[in-house]
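Trainee: Before I ask anything, let me first share the structure, which is written out below as structure tokens.
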Amino acid sequence: MNLRAYLYSIKQYLLNKPVCDELKKFRGLHRGQRCFIIGTGPSLTTEDLDKLKDEVTFGSNRIFEIYPRTQWRPTYYMNQDFTLIEKYADTIETLEPSALFLPIEFRERYADKKNMHHFVLRHRDFYPKDADFSKNIHHYLGQGFTVTYGAIQLAHYMGFSEVYLLGIDHNYAISLNEKGIPVVNEGVQEYFAGSKASNKGLNLPRIAESTVAYMTARKFADKKKNFTVYNATRGGKLEAFPRVNLDDVLK
């Protein structure tokens, strides 16, 4: 345990306890149901999203850039990248899912947004050991250097028994390796077709740490009787979870 990160998260929780405790209303809310966590990778298609319009779904980061091309909208929205949130703060304020989840540091920025909820993000360097997996997100959310890992923790807290990942390609044009050195993958497309998103000025993906975080989630799920995470992404490089075909899941 990183003592500094632990003490900071405790302090943040105590200073913001009433706000953090509002998350308790989501505990077990979807017990026994299934959900879909949607990424923004190149494998994501509007056709697949439209198939999920009646499912409980989590969107994240810049998923709103695909809205003009689909009737689908996520049930929940989540973001934990401080730089990304600050860049798209005004756009995030216009989003209207059932609930939005952002770090506690943005409490004041969105004080007037009624469906906004906040968590304490416990940031610590864990590689190559397992990441923190929080079972009580009203206390803190474990950092995994990917919002998908945070959404998996949230899904578990909400009581979902089956979690399906879609559009999580886990493959980037530029990412940081375990030593923090940028690695370039020529010809790799990072976002869904038609997206004009750019990573300029944003945090580069930390592929080594996020891979470990995914494996941490897999280990956690393997120990639970009623919680399983599947990868329904079409292609991609994420192999931490059992692969399933989305069309078979939706039959």
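Here's how to read the names in the structure tokens: chain A, B, ... by the order shown, residue numbers from 1 in each chain, ligand numbers from 1 in the order shown.
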Show me a table, sorted first by chain and then by increasing residue number, of the residues of segment 129-166 of chain A having an atom at most 12 Å from segment 3-17 of chain A, each with its shortest atom pair and the distance in Å to one decimal, counting only C-alpha atoms and written as CSV.
Mentor:
```
residue,atom,partner,partner_atom,distance
A:Asp132,CA,A:Tyr6,CA,10.7
A:Asn136,CA,A:Tyr13,CA,11.9
A:Ile137,CA,A:Tyr13,CA,10.5
A:His138,CA,A:Tyr13,CA,8.2
A:His139,CA,A:Tyr13,CA,6.2
A:Tyr140,CA,A:Ser9,CA,6.8
A:Leu141,CA,A:Ser9,CA,9.2
A:Gly142,CA,A:Ser9,CA,10.1
A:Gln143,CA,A:Ala5,CA,10.5
```
Trainee: Could you write out that same residue set with C-alpha atoms as a JSON list (two decimals), in the first residue's frame?
Mentor:
```json
[["chain", "number", "residue", "atom", "x", "y", "z"],
["A", 132, "ASP", "CA", -6.59, -1.57, -6.05],
["A", 136, "ASN", "CA", -16.97, 0.33, -1.77],
["A", 137, "ILE", "CA", -16.69, 3.15, -4.27],
["A", 138, "HIS", "CA", -18.28, 5.63, -1.87],
["A", 139, "HIS", "CA", -14.94, 5.39, -0.01],
["A", 140, "TYR", "CA", -12.68, 5.41, -3.06],
["A", 141, "LEU", "CA", -12.21, 4.15, -6.61],
["A", 142, "GLY", "CA", -9.01, 2.25, -7.42],
["A", 143, "GLN", "CA", -6.80, 3.80, -10.10]]
```
Trainee: Write out as number ranges by chain which residues come within 12 Å of Gly180 of chain A when counting only C-alpha atoms, dropping same-chain ones fewer than 4 positions away.
Mentor: A: 125, 127, 174-176, 203-209
Trainee: Those same residues, written as a PDB file, in the first residue's frame with N, CA and C atoms?
Mentor:
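Written output follows (selection37.pdb):
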```
ATOM      1  N   ASP A 125       0.961   4.249  -7.735  1.00  0.00           N
ATOM      2  CA  ASP A 125       1.694   3.441  -8.707  1.00  0.00           C
ATOM      3  C   ASP A 125       1.771   2.013  -8.184  1.00  0.00           C
ATOM      4  N   TYR A 127       2.297  -0.938 -10.515  1.00  0.00           N
ATOM      5  CA  TYR A 127       2.964  -1.870 -11.432  1.00  0.00           C
ATOM      6  C   TYR A 127       4.283  -2.365 -10.823  1.00  0.00           C
ATOM      7  N   ILE A 174       0.186   5.785 -29.852  1.00  0.00           N
ATOM      8  CA  ILE A 174       1.292   6.148 -28.969  1.00  0.00           C
ATOM      9  C   ILE A 174       0.879   5.840 -27.539  1.00  0.00           C
ATOM     10  N   SER A 175       1.709   5.125 -26.814  1.00  0.00           N
ATOM     11  CA  SER A 175       1.432   4.815 -25.419  1.00  0.00           C
ATOM     12  C   SER A 175       2.743   4.809 -24.641  1.00  0.00           C
ATOM     13  N   LEU A 176       2.633   4.764 -23.334  1.00  0.00           N
ATOM     14  CA  LEU A 176       3.812   4.690 -22.479  1.00  0.00           C
ATOM     15  C   LEU A 176       4.046   3.252 -22.042  1.00  0.00           C
ATOM     16  N   ASN A 203      -3.033  13.088 -21.682  1.00  0.00           N
ATOM     17  CA  ASN A 203      -2.186  12.054 -21.093  1.00  0.00           C
ATOM     18  C   ASN A 203      -2.107  10.847 -22.028  1.00  0.00           C
ATOM     19  N   LEU A 204      -0.895  10.331 -22.234  1.00  0.00           N
ATOM     20  CA  LEU A 204      -0.736   9.136 -23.053  1.00  0.00           C
ATOM     21  C   LEU A 204      -1.169   7.901 -22.261  1.00  0.00           C
ATOM     22  N   PRO A 205      -1.768   6.924 -22.936  1.00  0.00           N
ATOM     23  CA  PRO A 205      -2.170   5.688 -22.260  1.00  0.00           C
ATOM     24  C   PRO A 205      -0.967   4.987 -21.639  1.00  0.00           C
ATOM     25  N   ARG A 206      -1.153   4.475 -20.431  1.00  0.00           N
ATOM     26  CA  ARG A 206      -0.101   3.725 -19.735  1.00  0.00           C
ATOM     27  C   ARG A 206      -0.441   2.242 -19.881  1.00  0.00           C
ATOM     28  N   ILE A 207      -0.007   1.673 -20.986  1.00  0.00           N
ATOM     29  CA  ILE A 207      -0.464   0.355 -21.402  1.00  0.00           C
ATOM     30  C   ILE A 207      -0.056  -0.751 -20.428  1.00  0.00           C
ATOM     31  N   ALA A 208       1.141  -0.668 -19.850  1.00  0.00           N
ATOM     32  CA  ALA A 208       1.599  -1.703 -18.924  1.00  0.00           C
ATOM     33  C   ALA A 208       0.732  -1.728 -17.673  1.00  0.00           C
ATOM     34  N   GLU A 209       0.478  -0.536 -17.103  1.00  0.00           N
ATOM     35  CA  GLU A 209      -0.325  -0.464 -15.894  1.00  0.00           C
ATOM     36  C   GLU A 209      -1.776  -0.867 -16.148  1.00  0.00           C
TER      37      GLU A 209
END
```
Trainee: Let's see if you can do this: from backbone DSSP, list all strand (DSSP E) residues in segment 19-244 of chain A, as a PDB file with N, CA and C atoms, in the first residue's frame.
Mentor:
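selection_12.pdb, written as the output of this step:
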```
ATOM      1  N   ARG A  34     -27.334  -7.393 -16.231  1.00  0.00           N
ATOM      2  CA  ARG A  34     -26.132  -7.299 -17.054  1.00  0.00           C
ATOM      3  C   ARG A  34     -25.973  -5.864 -17.547  1.00  0.00           C
ATOM      4  N   CYS A  35     -24.748  -5.508 -17.894  1.00  0.00           N
ATOM      5  CA  CYS A  35     -24.485  -4.173 -18.434  1.00  0.00           C
ATOM      6  C   CYS A  35     -23.375  -4.249 -19.468  1.00  0.00           C
ATOM      7  N   PHE A  36     -23.222  -3.158 -20.209  1.00  0.00           N
ATOM      8  CA  PHE A  36     -22.204  -3.059 -21.249  1.00  0.00           C
ATOM      9  C   PHE A  36     -21.385  -1.794 -20.996  1.00  0.00           C
ATOM     10  N   ILE A  37     -20.067  -1.963 -20.928  1.00  0.00           N
ATOM     11  CA  ILE A  37     -19.148  -0.841 -20.767  1.00  0.00           C
ATOM     12  C   ILE A  37     -18.558  -0.542 -22.141  1.00  0.00           C
ATOM     13  N   ILE A  38     -18.798   0.668 -22.620  1.00  0.00           N
ATOM     14  CA  ILE A  38     -18.462   1.021 -23.995  1.00  0.00           C
ATOM     15  C   ILE A  38     -17.178   1.843 -24.047  1.00  0.00           C
ATOM     16  N   THR A  57     -25.998   0.662 -20.152  1.00  0.00           N
ATOM     17  CA  THR A  57     -24.659   0.865 -20.712  1.00  0.00           C
ATOM     18  C   THR A  57     -23.927   1.986 -19.987  1.00  0.00           C
ATOM     19  N   PHE A  58     -22.599   1.880 -19.999  1.00  0.00           N
ATOM     20  CA  PHE A  58     -21.716   2.912 -19.465  1.00  0.00           C
ATOM     21  C   PHE A  58     -20.925   3.517 -20.630  1.00  0.00           C
ATOM     22  N   GLY A  59     -20.984   4.828 -20.780  1.00  0.00           N
ATOM     23  CA  GLY A  59     -20.141   5.526 -21.732  1.00  0.00           C
ATOM     24  C   GLY A  59     -19.073   6.294 -20.975  1.00  0.00           C
ATOM     25  N   SER A  60     -18.010   6.676 -21.675  1.00  0.00           N
ATOM     26  CA  SER A  60     -16.918   7.354 -20.973  1.00  0.00           C
ATOM     27  C   SER A  60     -16.155   8.280 -21.914  1.00  0.00           C
ATOM     28  N   TYR A  76     -25.251   5.532 -18.146  1.00  0.00           N
ATOM     29  CA  TYR A  76     -24.343   6.218 -17.231  1.00  0.00           C
ATOM     30  C   TYR A  76     -23.127   6.728 -17.991  1.00  0.00           C
ATOM     31  N   TYR A  77     -22.564   7.821 -17.486  1.00  0.00           N
ATOM     32  CA  TYR A  77     -21.340   8.370 -18.065  1.00  0.00           C
ATOM     33  C   TYR A  77     -20.293   8.483 -16.970  1.00  0.00           C
ATOM     34  N   MET A  78     -19.033   8.138 -17.313  1.00  0.00           N
ATOM     35  CA  MET A  78     -17.956   8.168 -16.335  1.00  0.00           C
ATOM     36  C   MET A  78     -16.684   8.713 -16.972  1.00  0.00           C
ATOM     37  N   ALA A  99     -27.038   9.232 -14.782  1.00  0.00           N
ATOM     38  CA  ALA A  99     -26.091   9.749 -13.798  1.00  0.00           C
ATOM     39  C   ALA A  99     -24.719   9.850 -14.427  1.00  0.00           C
ATOM     40  N   LEU A 100     -23.942  10.829 -13.964  1.00  0.00           N
ATOM     41  CA  LEU A 100     -22.557  10.999 -14.383  1.00  0.00           C
ATOM     42  C   LEU A 100     -21.676  10.818 -13.166  1.00  0.00           C
ATOM     43  N   PHE A 101     -20.459  10.291 -13.385  1.00  0.00           N
ATOM     44  CA  PHE A 101     -19.526  10.039 -12.295  1.00  0.00           C
ATOM     45  C   PHE A 101     -18.163  10.639 -12.638  1.00  0.00           C
ATOM     46  N   LEU A 102     -17.705  11.575 -11.798  1.00  0.00           N
ATOM     47  CA  LEU A 102     -16.416  12.241 -11.989  1.00  0.00           C
ATOM     48  C   LEU A 102     -15.672  12.289 -10.658  1.00  0.00           C
ATOM     49  N   PRO A 103     -14.354  12.513 -10.689  1.00  0.00           N
ATOM     50  CA  PRO A 103     -13.582  12.628  -9.443  1.00  0.00           C
ATOM     51  C   PRO A 103     -14.071  13.775  -8.568  1.00  0.00           C
ATOM     52  N   MET A 116     -25.045  14.671 -11.345  1.00  0.00           N
ATOM     53  CA  MET A 116     -23.602  14.470 -11.248  1.00  0.00           C
ATOM     54  C   MET A 116     -23.243  13.889  -9.882  1.00  0.00           C
ATOM     55  N   HIS A 117     -22.375  12.871  -9.897  1.00  0.00           N
ATOM     56  CA  HIS A 117     -21.923  12.241  -8.661  1.00  0.00           C
ATOM     57  C   HIS A 117     -20.401  12.155  -8.680  1.00  0.00           C
ATOM     58  N   HIS A 118     -19.802  12.115  -7.481  1.00  0.00           N
ATOM     59  CA  HIS A 118     -18.349  12.218  -7.389  1.00  0.00           C
ATOM     60  C   HIS A 118     -17.749  11.124  -6.510  1.00  0.00           C
ATOM     61  N   PHE A 119     -16.570  10.679  -6.899  1.00  0.00           N
ATOM     62  CA  PHE A 119     -15.835   9.650  -6.170  1.00  0.00           C
ATOM     63  C   PHE A 119     -14.418  10.133  -5.890  1.00  0.00           C
ATOM     64  N   LEU A 121     -10.711   9.265  -6.249  1.00  0.00           N
ATOM     65  CA  LEU A 121      -9.847   8.393  -7.038  1.00  0.00           C
ATOM     66  C   LEU A 121      -8.542   8.188  -6.276  1.00  0.00           C
ATOM     67  N   ARG A 122      -8.326   6.954  -5.812  1.00  0.00           N
ATOM     68  CA  ARG A 122      -7.096   6.652  -5.078  1.00  0.00           C
ATOM     69  C   ARG A 122      -5.990   6.359  -6.088  1.00  0.00           C
ATOM     70  N   LEU A 141     -12.272   4.942  -5.386  1.00  0.00           N
ATOM     71  CA  LEU A 141     -12.210   4.153  -6.614  1.00  0.00           C
ATOM     72  C   LEU A 141     -10.739   3.869  -6.895  1.00  0.00           C
ATOM     73  N   GLY A 142     -10.398   2.619  -7.164  1.00  0.00           N
ATOM     74  CA  GLY A 142      -9.011   2.254  -7.424  1.00  0.00           C
ATOM     75  C   GLY A 142      -8.543   2.719  -8.791  1.00  0.00           C
ATOM     76  N   GLU A 162     -23.221  -9.666 -14.785  1.00  0.00           N
ATOM     77  CA  GLU A 162     -22.530  -9.862 -16.055  1.00  0.00           C
ATOM     78  C   GLU A 162     -22.150  -8.503 -16.634  1.00  0.00           C
ATOM     79  N   VAL A 163     -20.867  -8.352 -16.939  1.00  0.00           N
ATOM     80  CA  VAL A 163     -20.353  -7.109 -17.509  1.00  0.00           C
ATOM     81  C   VAL A 163     -19.713  -7.435 -18.855  1.00  0.00           C
ATOM     82  N   TYR A 164     -20.134  -6.727 -19.904  1.00  0.00           N
ATOM     83  CA  TYR A 164     -19.601  -6.944 -21.240  1.00  0.00           C
ATOM     84  C   TYR A 164     -18.870  -5.685 -21.705  1.00  0.00           C
ATOM     85  N   LEU A 165     -17.646  -5.852 -22.162  1.00  0.00           N
ATOM     86  CA  LEU A 165     -16.853  -4.743 -22.677  1.00  0.00           C
ATOM     87  C   LEU A 165     -16.982  -4.693 -24.188  1.00  0.00           C
ATOM     88  N   LEU A 166     -17.157  -3.489 -24.713  1.00  0.00           N
ATOM     89  CA  LEU A 166     -17.300  -3.317 -26.154  1.00  0.00           C
ATOM     90  C   LEU A 166     -16.522  -2.079 -26.588  1.00  0.00           C
ATOM     91  N   ILE A 174       0.186   5.785 -29.852  1.00  0.00           N
ATOM     92  CA  ILE A 174       1.292   6.148 -28.969  1.00  0.00           C
ATOM     93  C   ILE A 174       0.879   5.840 -27.539  1.00  0.00           C
ATOM     94  N   SER A 175       1.709   5.125 -26.814  1.00  0.00           N
ATOM     95  CA  SER A 175       1.432   4.815 -25.419  1.00  0.00           C
ATOM     96  C   SER A 175       2.743   4.809 -24.641  1.00  0.00           C
ATOM     97  N   LEU A 176       2.633   4.764 -23.334  1.00  0.00           N
ATOM     98  CA  LEU A 176       3.812   4.690 -22.479  1.00  0.00           C
ATOM     99  C   LEU A 176       4.046   3.252 -22.042  1.00  0.00           C
ATOM    100  N   PRO A 182       7.585   6.739 -24.292  1.00  0.00           N
ATOM    101  CA  PRO A 182       6.588   6.651 -25.362  1.00  0.00           C
ATOM    102  C   PRO A 182       6.954   5.586 -26.400  1.00  0.00           C
ATOM    103  N   VAL A 183       5.969   4.819 -26.803  1.00  0.00           N
ATOM    104  CA  VAL A 183       6.135   3.786 -27.820  1.00  0.00           C
ATOM    105  C   VAL A 183       5.152   4.085 -28.948  1.00  0.00           C
ATOM    106  N   VAL A 184       5.652   4.144 -30.175  1.00  0.00           N
ATOM    107  CA  VAL A 184       4.828   4.466 -31.334  1.00  0.00           C
ATOM    108  C   VAL A 184       4.481   3.193 -32.093  1.00  0.00           C
ATOM    109  N   THR A 228     -19.058 -11.629 -13.430  1.00  0.00           N
ATOM    110  CA  THR A 228     -18.193 -12.064 -14.524  1.00  0.00           C
ATOM    111  C   THR A 228     -18.036 -10.930 -15.523  1.00  0.00           C
ATOM    112  N   VAL A 229     -16.812 -10.755 -16.007  1.00  0.00           N
ATOM    113  CA  VAL A 229     -16.519  -9.736 -17.015  1.00  0.00           C
ATOM    114  C   VAL A 229     -16.140 -10.431 -18.316  1.00  0.00           C
ATOM    115  N   TYR A 230     -16.815 -10.075 -19.403  1.00  0.00           N
ATOM    116  CA  TYR A 230     -16.554 -10.643 -20.713  1.00  0.00           C
ATOM    117  C   TYR A 230     -16.081  -9.549 -21.668  1.00  0.00           C
ATOM    118  N   ASN A 231     -15.299  -9.943 -22.648  1.00  0.00           N
ATOM    119  CA  ASN A 231     -14.850  -9.008 -23.674  1.00  0.00           C
ATOM    120  C   ASN A 231     -15.626  -9.276 -24.961  1.00  0.00           C
TER     121      ASN A 231
END
```
Trainee: When you count only C-alpha atoms, which of these residues is closest to Tyr88 of chain A: A:Asp112, A:Glu186, A:Asp48, A:Glu65?
Mentor: A:Glu65
Trainee: Tell me which of A:Arg107, A:His30, A:Arg62, A:Arg69 sits closest to Leu95 of chain A, counting only C-alpha atoms.
Mentor: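 Closest to Leu95 of chain A, using only C-alpha atoms: A:Arg62.
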Trainee: Mind listing the alpha helix (DSSP H) residues of segment 16-126 of chain A, per DSSP on the backbone, as a list in words?
Mentor: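 Written out, the alpha helix (DSSP H) residues of segment 16-126 of chain A are Lys17, Pro18, Val19, Cys20, Asp21, Thr46, Glu47, Asp48, Leu49, Asp50, Lys51, Phe82, Thr83, Leu84, Ile85, Glu86, Lys87, Ala89, Asp90, Thr91, Ile92, Glu93 and Thr94 of chain A.
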Trainee: Separation of atom CA of Val249 of chain A and atom CA of Tyr172 of chain A, in Å?
Mentor: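 Atom-to-atom, atom CA of Val249 of chain A to atom CA of Tyr172 of chain A, that is 26.9 Å.
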Trainee: For the atom pair atom CA of Ile152 of chain A and atom CA of Ile92 of chain A, what is the interatomic distance in Å to one decimal place?
Mentor: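 Between atom CA of Ile152 of chain A and atom CA of Ile92 of chain A the gap is 20.8 Å.
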Trainee: Can you pull out every residue within 12 Å of Arg234 of chain A, counting only C-alpha atoms, but drop anything in the same chain fewer than 2 positions away, and send it as a PyMOL selection string?
Mentor: chain A and resi 39+41-45+48+164-170+231-232+236-239+243-247
Trainee: Any chance you could export the current selection's C-alpha atoms as a compact mmCIF listing (two decimals), in the first residue's frame?
Mentor:
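The result, written out as again-v2.txt:
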```txt
# COMPACT_ATOMS: atom_id res chain seq x y z
CA GLY A 39 -15.00 2.15 -25.09
CA GLY A 41 -11.75 2.18 -29.87
CA PRO A 42 -11.72 1.77 -33.66
CA SER A 43 -13.77 -1.44 -33.44
CA LEU A 44 -16.78 0.47 -32.08
CA THR A 45 -19.60 0.91 -34.62
CA ASP A 48 -23.50 -2.18 -32.51
CA TYR A 164 -19.60 -6.94 -21.24
CA LEU A 165 -16.85 -4.74 -22.68
CA LEU A 166 -17.30 -3.32 -26.15
CA GLY A 167 -14.97 -1.08 -28.15
CA ILE A 168 -12.09 -1.66 -25.72
CA ASP A 169 -9.34 -2.29 -28.28
CA HIS A 170 -6.47 -1.76 -25.82
CA ASN A 231 -14.85 -9.01 -23.67
CA ALA A 232 -17.33 -8.49 -26.51
CA GLY A 236 -8.48 -5.58 -30.42
CA LYS A 237 -5.68 -6.69 -28.11
CA LEU A 238 -7.43 -7.05 -24.77
CA GLU A 239 -7.11 -10.69 -23.70
CA ARG A 243 -14.08 -13.44 -25.34
CA VAL A 244 -17.70 -13.54 -26.45
CA ASN A 245 -19.50 -12.57 -29.64
CA LEU A 246 -21.82 -9.60 -29.18
CA ASP A 247 -24.38 -11.00 -31.60
```
Trainee: Identify which of the residues A:Gly159, A:Gln189, A:Asn171, A:Ala240 lies closest to Arg31 of chain A, counting only C-alpha atoms when measuring atom-to-atom distances.
Mentor: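 Looking only at the distances to Arg31 of chain A, the closest residue turns out to be A:Gly159.
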